[in-house]
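The structure appears right after this line, and notes come after that.
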Amino acid sequence: MAEAPDVRKMAYFGQMGQRKDFRGELEAARSLPPGAERAERLYVLAHNYAEFAGSEAIDICRESLRECEELGLDPLRLTVKRTLGRCLAEQGKADEALAVLNEVLPEYEERHEILGIARTLNIMGSACELTGQFDEALEYFSRALLMHESEQDPELTVIVQNNIGVVYRKLGEYQSALVFQNKALKAARENGFRYLQARTLNSLGAIRTQIKDHEGALQCFMDSLEMASNLRPNMFQSRGMVNIGELNIRLGRHANALQWLYRAVAKAGELNDTFSLAHSRLSLGQAHAGLGNYAGALEDLTEAMRLFTDLNESYAQASCLQHIAGTLLAMKELDSASRYVDQARQLAQEVRNVEAQTESAVLRIEIVLQTDAAADIEDELNTAREQARGQGRTELLAQLCLLEAQWRRRRGDERAARRLEREHAEMVRREEDEEKRRKAERALLDAELNAALLSAGRSVPSGGFALVDDLRQTLRDLRRKRLEELDEEAAPGAPRFVVRTLGRFAVEIDGRELNADDWKRKKARDIFKLLLINYKQQLNADFIINAIWGEAGGRNLTPSLWNAVSYLRKALEPGLKPHTPSTYILINDKSYSLDLGEGAEIDFIRFAEDCAAARRLKDGGDKAERLAEALELYRGALLPEDVGEAWSEHERLSLQEEFTAASLKLAQLYYDDGAPQQAVQVLRTVLAQDELNHDAWHAMLEILLDTDQTGEARKAWQRCRSCFTRELDDAPPATLQALMRGVG
């Protein structure tokens with residue numbers, strides 16, 4: 001069916017993005033005879049790899065589009081054409097993207113497809129934003145928000161709000177940017193969009209960096225990186241590392257920055273993410289310059305400039321030019337620095353890169369002071385000061401004070417020079433006092449958390465504020481264990497919930513499992529599951545109706561929702577009187593959330609928490625023990641009876657990926673510890689859950705071959721080939737074939 005790509009295959013192709021078998025899947029798709037299946041598979045590949053396959057994603061889209069046009073495949077043709085516009089925009093080809101999208105938009109308007117119009121307008125806004133056309137971008141994004149008000153798409157709402165926040169950040173309007181990013185983050189959390197949470201947290205971190213909330217920025221970047229570790233194709237891993245590197249540069253921690261940025265370069269190369277690679281090289285140039293390695297800095301900055309030019313990223317090119325000028329200035333190559341700073345200022349003004357404009361203005365003042373003692377730079381100083389003040393750049397304001405003092409002294413105005421030097425000293429003192437206050441607050445928080453740990457009988461880890469998240473997680477773990485051990489201390493009459501979702505669905509209240517008679521209605525049970533997946537998050541009533549009932553067909557289903565929630569309340573609290581607020585189903589302004597209390601045991605949440613805790617452990621033995629405990633909880637896919645339901649699919653795939661990653665890590669730990677059979681057993685468990693898991697097959701075959709179990713390796717290879725033939729009608733990926741070549 002051309003209009004609706006196969007979900008299983010689409011998920012499989014997306015997983016292969018992490019496994020680097022994109023080339024094999026592309027060849028397999030192109031080997032198909034012309035027709036609907038070929039067009040569909042090409043589109044799925046372009047869709048999944050659009051953000052990091054570069055210009056190849058454009059070519060794949062065009063292949064699919066030709067098939068669709070020749071075969072008359074609507075509406076797939078229109079969807080593919082819109083994706084082509086997106087791919088062109090992400091490659092910086094704004095004019096081409098807008099030309100394609102201006103063809104798509106009228107067709108959606110003729111069909112009265114509101115969401116299609118809104119999504120097209122959003123991509124048009126992105127094309128303008130990437131090339132510095134910010135007014136046009138804001139207009140497109142605003143129209144996109146207005147267009148889908150009547151047909152709410154929560155995912156699109158988050159994306160557009162995030163995009164508006166990015167534009168305001170680039171314009172230096174940080175408060176407006178924060179408003180839209182916080183709206184986007186709230187909506188992403190309410191709807192369980194992990195990918196968009198990672199993206200929005202990255203954007204929030206960038207804004208907080210600009211307003212000098214460095215700890216808040218670091219928290220956002222680390223949260224985004226943690227969330228991105230479970231996503232595919234993991235672009236936010238490389239981009240998160242870049243952001244953390246840039247933050248370290250701002251804090252003067254250039255050596256730390258280098259470590260993060262080299263990791264970002266490696267990850268970007270692994271994913272073929274040219275955008276992240278370019279930003280990594282730009283930031284590496286800044287870090288090297290900060291350490292006095294100017295030759296290395298110029299090499300990285302020149303490469304970044306080349307990459308951004310290929311991407312047609314004019315906004316970032318302005319930043320590159322400005323940093324090249326700054327490096328040349330530090331090397332005392334004033335003529336070259338002057339040429340680059342003029343180019344940077346011109347381009348920064350054209351694309352409205354306010355940060356590059358300001359820093360280029362400061363560089364111009366420094367160059368003038370070193371080359372022409374008699375120059376009048378008052379207008380330059382006033383312009384730079386106004387720009388720095390508008391961005392809250394205290395460090396640049398302080399620098400401008402010293403530069404103006406130098407200029408005033410050259411002109412013989414010693415009194416003004418001394419006044420400016422005192423002003424500079426006062427700025428530095430205020431900044432130091434503010435930093436001391438922030439450190440004191442962090443120390444107080446550390447002390448409170450450490451005291452809580454000590455009272456729980458645990459040792460206190462060192463490392464200060466950087467470990468706050470670990471401490472909080474430890475406290476949560478302690479709280480859970482103490483509740484298990486001291487259950488009798490719970491409030492009298494408070495029921496204890498045990499919820500199982502992995503492998504099968506069951507809800508126990510004080511040891512009694514709810515049955516069909518307790519739930520009364522399937523819709524009540526489905527709403528419970530939906531709220532459970534989005535635990536403690538507010539879900540809008542319309543979102544619940546769309547998820548559970550699907551297309552309303554013009555019917556008002558709000559009364560049906562109320563009726564189902566009523567049965568749900570009674571299932572959880574049989575003695576609850578009518579019109580009495582539920583303890584567990586919380587209703588707030590037409591939104592619903594679920595909170596089963598502190599003592600609730602929910603297997604998929606505990607599984608995710610245990611996996612996260614294991615990742616933070618340094619000792620291999622402790623990590624293996626914690627991973628083994630976590631994997632015991634994973635008895636199968638999340639809510640297996642609801643496979644195919646859109647509202648559960650995202651969380652199901654995320655948990656499956658978490659299970660796979662944890663299993664592969666545990667197998668590696670076992671093998672490194674000299675226990676290959678235990679490692680193989682873990683990998684067999686993975687394959688029992690996902691028999692097409694390339695990584696598990698690869699790891700198992702490698703272990704069997706490395707330990708001279710050639711016979712077992714042959715048997716495993718036969719099973720592998722059988723699985724891929726049965727499920728995909730195809731041979732195993734080329735990497736597995738290469739591994740077994742010559743073995744049989």
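Just so we're on the same page: first chain in the structure tokens is A, next is B, and so on; residues restart at 1 for each chain, and ligands are numbered from 1 in the order they show up.
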
* Going by DSSP on the backbone, which bits of range 634-684 of chain A are alpha helix (DSSP H)? Write them as JSON, numbers by chain, please. => {"A": [646, 647, 648, 649, 650, 651, 652, 653, 654, 655, 656, 657, 658, 659, 660, 661, 662, 663, 664, 665, 666, 667, 668, 669, 670, 671, 672, 676, 677, 678, 679, 680, 681, 682, 683, 684]}

Export, as a PDB file, in the first residue's frame, the selected residues with C-alpha atoms.
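The new file part01.pdb reads:
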```pdb
ATOM      1  CA  ALA A 646      -0.009   4.464  17.673  1.00  0.00           C
ATOM      2  CA  TRP A 647      -0.215   5.749  21.257  1.00  0.00           C
ATOM      3  CA  SER A 648       1.992   2.938  22.591  1.00  0.00           C
ATOM      4  CA  GLU A 649       4.401   2.380  19.696  1.00  0.00           C
ATOM      5  CA  HIS A 650       6.927   5.122  20.488  1.00  0.00           C
ATOM      6  CA  GLU A 651       7.443   4.068  24.107  1.00  0.00           C
ATOM      7  CA  ARG A 652       7.540   0.398  23.103  1.00  0.00           C
ATOM      8  CA  LEU A 653      10.355   0.986  20.605  1.00  0.00           C
ATOM      9  CA  SER A 654      12.275   3.199  23.060  1.00  0.00           C
ATOM     10  CA  LEU A 655      12.180   0.540  25.760  1.00  0.00           C
ATOM     11  CA  GLN A 656      13.137  -2.144  23.266  1.00  0.00           C
ATOM     12  CA  GLU A 657      16.162  -0.055  22.286  1.00  0.00           C
ATOM     13  CA  GLU A 658      17.021   0.440  25.974  1.00  0.00           C
ATOM     14  CA  PHE A 659      16.780  -3.328  26.506  1.00  0.00           C
ATOM     15  CA  THR A 660      19.001  -4.008  23.505  1.00  0.00           C
ATOM     16  CA  ALA A 661      21.632  -1.450  24.539  1.00  0.00           C
ATOM     17  CA  ALA A 662      21.698  -2.750  28.136  1.00  0.00           C
ATOM     18  CA  SER A 663      21.945  -6.370  26.968  1.00  0.00           C
ATOM     19  CA  LEU A 664      24.784  -5.655  24.555  1.00  0.00           C
ATOM     20  CA  LYS A 665      26.673  -3.812  27.283  1.00  0.00           C
ATOM     21  CA  LEU A 666      26.148  -6.639  29.767  1.00  0.00           C
ATOM     22  CA  ALA A 667      27.300  -9.207  27.203  1.00  0.00           C
ATOM     23  CA  GLN A 668      30.441  -7.155  26.586  1.00  0.00           C
ATOM     24  CA  LEU A 669      31.123  -6.929  30.336  1.00  0.00           C
ATOM     25  CA  TYR A 670      30.671 -10.696  30.741  1.00  0.00           C
ATOM     26  CA  TYR A 671      32.965 -11.417  27.806  1.00  0.00           C
ATOM     27  CA  ASP A 672      35.644  -8.995  29.069  1.00  0.00           C
ATOM     28  CA  PRO A 676      31.747 -15.891  27.092  1.00  0.00           C
ATOM     29  CA  GLN A 677      28.919 -18.381  27.686  1.00  0.00           C
ATOM     30  CA  GLN A 678      27.090 -15.900  29.912  1.00  0.00           C
ATOM     31  CA  ALA A 679      27.595 -13.266  27.230  1.00  0.00           C
ATOM     32  CA  VAL A 680      26.141 -15.561  24.549  1.00  0.00           C
ATOM     33  CA  GLN A 681      23.139 -16.356  26.764  1.00  0.00           C
ATOM     34  CA  VAL A 682      22.404 -12.646  27.180  1.00  0.00           C
ATOM     35  CA  LEU A 683      22.580 -12.156  23.410  1.00  0.00           C
ATOM     36  CA  ARG A 684      20.219 -15.100  22.835  1.00  0.00           C
TER      37      ARG A 684
END
```

* Asked: Can you list, as a PyMOL selection string, every protein, DNA or RNA residue that comes within 9 Å of range 316-332 of chain A when you count only C-alpha atoms, leaving out same-chain residues fewer than 3 positions away?
  -> chain A and resi 279+282+285-286+289+292+294-295+297-298+301-302+304-306+308-309+312-313+335-349+351+353+355-357+359-360+363+366-367

Next, write the just-selected residues to a file, as a short mmCIF file (atom, residue, chain, number, x, y, z; two decimals), in the first residue's frame, keeping C-alpha atoms as the atom set.
```
data_model
loop_
_atom_site.label_atom_id
_atom_site.label_comp_id
_atom_site.auth_asym_id
_atom_site.auth_seq_id
_atom_site.Cartn_x
_atom_site.Cartn_y
_atom_site.Cartn_z
CA HIS A 279 29.93 22.88 14.47
CA LEU A 282 34.16 25.47 14.72
CA GLY A 285 38.99 26.01 16.66
CA GLN A 286 37.82 28.16 19.58
CA ALA A 289 42.75 29.24 20.26
CA GLY A 292 47.24 29.15 22.43
CA TYR A 294 46.67 29.08 16.89
CA ALA A 295 47.82 26.89 14.00
CA ALA A 297 42.70 26.69 15.60
CA LEU A 298 43.04 28.03 12.05
CA LEU A 301 38.12 26.97 11.67
CA THR A 302 39.04 26.79 7.99
CA ALA A 304 34.44 24.43 9.56
CA MET A 305 34.12 27.30 7.08
CA ARG A 306 34.39 24.86 4.18
CA PHE A 308 29.34 25.45 6.40
CA THR A 309 29.86 26.81 2.88
CA ASN A 312 25.08 27.02 2.61
CA GLU A 313 24.87 27.88 6.34
CA ASP A 335 46.10 42.91 7.96
CA SER A 336 44.64 39.42 7.55
CA ALA A 337 42.59 39.84 10.71
CA SER A 338 41.21 43.12 9.38
CA ARG A 339 40.09 41.52 6.10
CA TYR A 340 38.35 38.64 7.87
CA VAL A 341 36.64 40.84 10.44
CA ASP A 342 35.21 43.04 7.67
CA GLN A 343 33.86 39.96 5.90
CA ALA A 344 32.44 38.66 9.17
CA ARG A 345 30.69 41.94 9.99
CA GLN A 346 29.15 42.23 6.54
CA LEU A 347 27.85 38.67 6.48
CA ALA A 348 26.70 38.83 10.13
CA GLN A 349 24.63 41.92 9.32
CA VAL A 351 22.02 37.14 8.11
CA ASN A 353 23.85 36.93 13.44
CA GLU A 355 26.49 37.53 18.37
CA ALA A 356 28.95 37.57 15.45
CA GLN A 357 28.07 41.22 14.79
CA GLU A 359 32.15 40.21 18.64
CA SER A 360 33.28 41.40 15.20
CA LEU A 363 37.58 42.84 17.19
CA GLU A 366 41.02 46.10 18.93
CA ILE A 367 42.53 46.09 15.44
#
```

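For the set A:Glu190, A:Asp622, A:Asp300, A:Glu378, the residue with the smallest atom-to-atom gap to Leu530 in chain A is A:Glu190, counting only C-alpha atoms.
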
* Asked: Mind pulling up the distance from CA of Ser203 in chain A to CA of Asn122 in chain A?
  -> 17.3 Å

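Of the listed residues (A:His424, A:Lys715, A:Arg496, A:Arg253), A:Arg496 comes nearest to Glu598 in chain A; the distances count only C-alpha atoms.
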
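In this model, the gap between CA of Arg714 in chain A and CA of Asp730 in chain A comes to 18.8 Å.
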
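Across A:Leu692, A:Ile533, A:Leu627, A:Ile545, the tightest approach to Lys590 in chain A is made by A:Ile545 when counting only C-alpha atoms.
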
* 9 Å contact set for range 511-525 of chain A, only C-alpha atoms, chain neighbours under 4 positions out, as an MDAnalysis selection string -> chainID A and resid 496:498 506:507 529:530 548:549 561 563:572 574

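Shortest atom-to-atom contact with Asn191 in chain A among A:Leu539, A:Leu396, A:Ala278, A:Leu71: A:Leu539, counting only C-alpha atoms.
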
* **All strand (DSSP E or B) residues (DSSP, backbone) inside range 563-668 of chain A, as a PyMOL selection string** => chain A and resi 585-588+591-594+601-602+638

How about saving the chosen residues, all heavy atoms kept, as a short mmCIF file (atom, residue, chain, number, x, y, z; two decimals), in the first residue's frame?
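Heads up, here's the output in part_7.cif:
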```cif
data_model
loop_
_atom_site.label_atom_id
_atom_site.label_comp_id
_atom_site.auth_asym_id
_atom_site.auth_seq_id
_atom_site.Cartn_x
_atom_site.Cartn_y
_atom_site.Cartn_z
N ILE A 585 -6.21 9.75 39.56
CA ILE A 585 -6.47 10.39 38.26
C ILE A 585 -6.65 11.87 38.53
O ILE A 585 -7.66 12.31 39.09
CB ILE A 585 -7.73 9.82 37.58
CG1 ILE A 585 -7.64 8.29 37.47
CG2 ILE A 585 -7.91 10.45 36.20
CD1 ILE A 585 -6.51 7.81 36.62
N LEU A 586 -5.66 12.65 38.15
CA LEU A 586 -5.66 14.08 38.44
C LEU A 586 -6.15 14.85 37.22
O LEU A 586 -5.66 14.65 36.11
CB LEU A 586 -4.25 14.53 38.83
CG LEU A 586 -3.56 13.67 39.90
CD1 LEU A 586 -2.17 14.19 40.19
CD2 LEU A 586 -4.40 13.62 41.17
N ILE A 587 -7.15 15.70 37.45
CA ILE A 587 -7.75 16.47 36.35
C ILE A 587 -7.46 17.94 36.58
O ILE A 587 -7.71 18.49 37.65
CB ILE A 587 -9.28 16.23 36.29
CG1 ILE A 587 -9.57 14.73 36.17
CG2 ILE A 587 -9.88 17.00 35.13
CD1 ILE A 587 -11.04 14.39 36.25
N ASN A 588 -6.88 18.57 35.53
CA ASN A 588 -6.51 19.98 35.64
C ASN A 588 -6.75 20.66 34.31
O ASN A 588 -6.05 20.42 33.33
CB ASN A 588 -5.03 20.11 36.04
CG ASN A 588 -4.59 21.55 36.16
OD1 ASN A 588 -5.38 22.43 36.45
ND2 ASN A 588 -3.31 21.78 35.93
N SER A 591 -7.25 18.55 31.30
CA SER A 591 -6.12 17.65 31.12
C SER A 591 -6.14 16.60 32.21
O SER A 591 -6.63 16.85 33.31
CB SER A 591 -4.79 18.41 31.15
OG SER A 591 -4.69 19.27 30.03
N TYR A 592 -5.57 15.43 31.90
CA TYR A 592 -5.59 14.31 32.83
C TYR A 592 -4.17 13.79 33.04
O TYR A 592 -3.34 13.81 32.13
CB TYR A 592 -6.46 13.16 32.28
CG TYR A 592 -7.91 13.52 32.07
CD1 TYR A 592 -8.29 14.28 30.96
CD2 TYR A 592 -8.88 13.10 32.96
CE1 TYR A 592 -9.62 14.62 30.76
CE2 TYR A 592 -10.22 13.43 32.76
CZ TYR A 592 -10.58 14.19 31.66
OH TYR A 592 -11.89 14.52 31.47
N SER A 593 -3.88 13.33 34.26
CA SER A 593 -2.59 12.69 34.53
C SER A 593 -2.81 11.59 35.56
O SER A 593 -3.82 11.56 36.27
CB SER A 593 -1.56 13.70 35.04
OG SER A 593 -1.95 14.24 36.29
N LEU A 594 -1.82 10.69 35.64
CA LEU A 594 -1.89 9.54 36.54
C LEU A 594 -0.73 9.59 37.52
O LEU A 594 0.41 9.78 37.13
CB LEU A 594 -1.83 8.24 35.74
CG LEU A 594 -1.80 6.93 36.54
CD1 LEU A 594 -3.14 6.70 37.24
CD2 LEU A 594 -1.45 5.75 35.63
N GLU A 601 4.92 0.40 42.27
CA GLU A 601 5.98 -0.32 41.56
C GLU A 601 5.52 -0.51 40.12
O GLU A 601 4.56 -1.24 39.84
CB GLU A 601 6.23 -1.67 42.22
CG GLU A 601 7.33 -2.50 41.58
CD GLU A 601 8.72 -1.95 41.87
OE1 GLU A 601 8.88 -1.25 42.90
OE2 GLU A 601 9.63 -2.21 41.08
N ILE A 602 6.18 0.19 39.18
CA ILE A 602 5.81 0.15 37.77
C ILE A 602 7.01 -0.36 37.01
O ILE A 602 8.06 0.29 36.96
CB ILE A 602 5.38 1.55 37.27
CG1 ILE A 602 4.24 2.09 38.15
CG2 ILE A 602 4.97 1.50 35.82
CD1 ILE A 602 3.89 3.53 37.90
N LEU A 638 6.67 -3.92 25.70
CA LEU A 638 5.70 -3.12 26.45
C LEU A 638 4.30 -3.34 25.88
O LEU A 638 4.08 -3.24 24.67
CB LEU A 638 6.07 -1.63 26.34
CG LEU A 638 5.11 -0.65 27.00
CD1 LEU A 638 5.34 -0.61 28.51
CD2 LEU A 638 5.27 0.75 26.41
#
```

Would you pick out the contacts of Glu67 in chain A at 8 Å or less, using only C-alpha atoms, so that residues sharing its chain but fewer than 4 positions from it are not included, and give the list as an mmCIF file with N, CA, C and O atoms, in the first residue's frame?
```cif
data_model
loop_
_atom_site.group_PDB
_atom_site.id
_atom_site.type_symbol
_atom_site.label_atom_id
_atom_site.label_comp_id
_atom_site.auth_asym_id
_atom_site.auth_seq_id
_atom_site.Cartn_x
_atom_site.Cartn_y
_atom_site.Cartn_z
ATOM 1 N N PRO A 34 10.713 -1.337 -10.647
ATOM 2 C CA PRO A 34 9.931 -0.106 -10.498
ATOM 3 C C PRO A 34 8.503 -0.420 -10.067
ATOM 4 O O PRO A 34 7.876 -1.342 -10.587
ATOM 5 N N GLY A 35 8.024 0.335 -9.104
ATOM 6 C CA GLY A 35 6.674 0.089 -8.618
ATOM 7 C C GLY A 35 6.435 0.726 -7.266
ATOM 8 O O GLY A 35 7.291 1.446 -6.730
ATOM 9 N N ALA A 36 5.266 0.455 -6.717
ATOM 10 C CA ALA A 36 4.855 1.091 -5.464
ATOM 11 C C ALA A 36 5.778 0.720 -4.311
ATOM 12 O O ALA A 36 6.132 1.574 -3.489
ATOM 13 N N ARG A 38 8.959 -0.176 -4.329
ATOM 14 C CA ARG A 38 10.251 0.511 -4.467
ATOM 15 C C ARG A 38 10.123 1.982 -4.047
ATOM 16 O O ARG A 38 10.954 2.497 -3.294
ATOM 17 N N ALA A 39 9.092 2.651 -4.535
ATOM 18 C CA ALA A 39 8.886 4.060 -4.180
ATOM 19 C C ALA A 39 8.725 4.230 -2.680
ATOM 20 O O ALA A 39 9.278 5.153 -2.068
ATOM 21 N N GLU A 63 14.305 10.029 -6.446
ATOM 22 C CA GLU A 63 14.018 8.705 -7.013
ATOM 23 C C GLU A 63 12.599 8.275 -6.674
ATOM 24 O O GLU A 63 11.840 7.814 -7.535
ATOM 25 N N LEU A 71 3.615 6.396 -11.470
ATOM 26 C CA LEU A 71 2.561 5.449 -11.107
ATOM 27 C C LEU A 71 1.298 6.131 -10.590
ATOM 28 O O LEU A 71 0.309 5.465 -10.307
#
```

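Proximity to range 214-217 of chain A at 8 Å, evaluated using only C-alpha atoms and with sequence-adjacent residues fewer than 4 positions away removed, yields Leu204, Gly205, Ala206, Ile207, Arg208, Thr209, Phe221 and Leu247 of chain A.
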
Could the residues in this selection be written to a file with C-alpha atoms, as a PDB file, in the first residue's frame?
```pdb
ATOM      1  CA  LEU A 204      17.018  25.681  25.941  1.00  0.00           C
ATOM      2  CA  GLY A 205      20.624  24.955  26.881  1.00  0.00           C
ATOM      3  CA  ALA A 206      21.814  27.230  24.068  1.00  0.00           C
ATOM      4  CA  ILE A 207      19.607  30.063  25.328  1.00  0.00           C
ATOM      5  CA  ARG A 208      20.680  29.586  28.950  1.00  0.00           C
ATOM      6  CA  THR A 209      24.295  29.679  27.797  1.00  0.00           C
ATOM      7  CA  PHE A 221      22.562  19.629  27.643  1.00  0.00           C
ATOM      8  CA  LEU A 247      29.770  25.719  27.231  1.00  0.00           C
TER       9      LEU A 247
END
```

Could you give me, as a JSON list (two decimals) with N, CA and C atoms, in the first residue's frame, the residues within 6 Å of range 260-266 of chain A, counting only C-alpha atoms and dropping anything in the same chain fewer than 2 positions from it?
```json
[["chain", "number", "residue", "atom", "x", "y", "z"],
["A", 238, "SER", "N", 25.72, 13.73, 19.09],
["A", 238, "SER", "CA", 26.82, 14.57, 18.61],
["A", 238, "SER", "C", 26.55, 16.04, 18.88],
["A", 241, "MET", "N", 27.04, 16.87, 22.55],
["A", 241, "MET", "CA", 28.46, 16.95, 22.90],
["A", 241, "MET", "C", 29.06, 18.28, 22.44],
["A", 242, "VAL", "N", 28.65, 18.74, 21.26],
["A", 242, "VAL", "CA", 29.13, 20.04, 20.78],
["A", 242, "VAL", "C", 28.72, 21.14, 21.75],
["A", 245, "GLY", "N", 30.74, 21.08, 24.85],
["A", 245, "GLY", "CA", 32.05, 21.61, 24.55],
["A", 245, "GLY", "C", 32.06, 23.12, 24.47],
["A", 257, "ALA", "N", 36.75, 21.09, 27.10],
["A", 257, "ALA", "CA", 36.01, 21.29, 25.85],
["A", 257, "ALA", "C", 36.57, 20.38, 24.75],
["A", 258, "LEU", "N", 37.90, 20.28, 24.68],
["A", 258, "LEU", "CA", 38.50, 19.44, 23.64],
["A", 258, "LEU", "C", 38.03, 18.00, 23.75],
["A", 268, "ALA", "N", 29.74, 12.45, 15.06],
["A", 268, "ALA", "CA", 29.21, 13.06, 13.84],
["A", 268, "ALA", "C", 29.69, 12.31, 12.61],
["A", 269, "GLY", "N", 30.97, 11.89, 12.62],
["A", 269, "GLY", "CA", 31.48, 11.11, 11.50],
["A", 269, "GLY", "C", 30.80, 9.76, 11.40],
["A", 277, "LEU", "N", 29.33, 17.93, 12.52],
["A", 277, "LEU", "CA", 30.77, 17.92, 12.26],
["A", 277, "LEU", "C", 31.28, 19.34, 12.05],
["A", 280, "SER", "N", 31.33, 21.09, 15.34],
["A", 280, "SER", "CA", 32.40, 20.54, 16.17],
["A", 280, "SER", "C", 33.73, 21.19, 15.80]]
```

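Counting only C-alpha atoms, range 737-743 of chain A has the following residues at most 9 Å away, ignoring those fewer than 6 positions along the same chain: His698, Leu701, Glu702, Thr710, Ala713, Arg714, Trp717 and Ala731 of chain A.
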
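Distance annotation: of A:Lys93, A:Arg66, A:Arg635, A:Arg606, the residue with the minimal separation from Phe505 in chain A is A:Arg635; atom set is only C-alpha atoms.
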
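Each of A:Leu557, A:Leu121, A:Leu531, A:Leu146 was checked against Tyr584 in chain A using only C-alpha atoms; the smallest atom-to-atom distance is that of A:Leu531.
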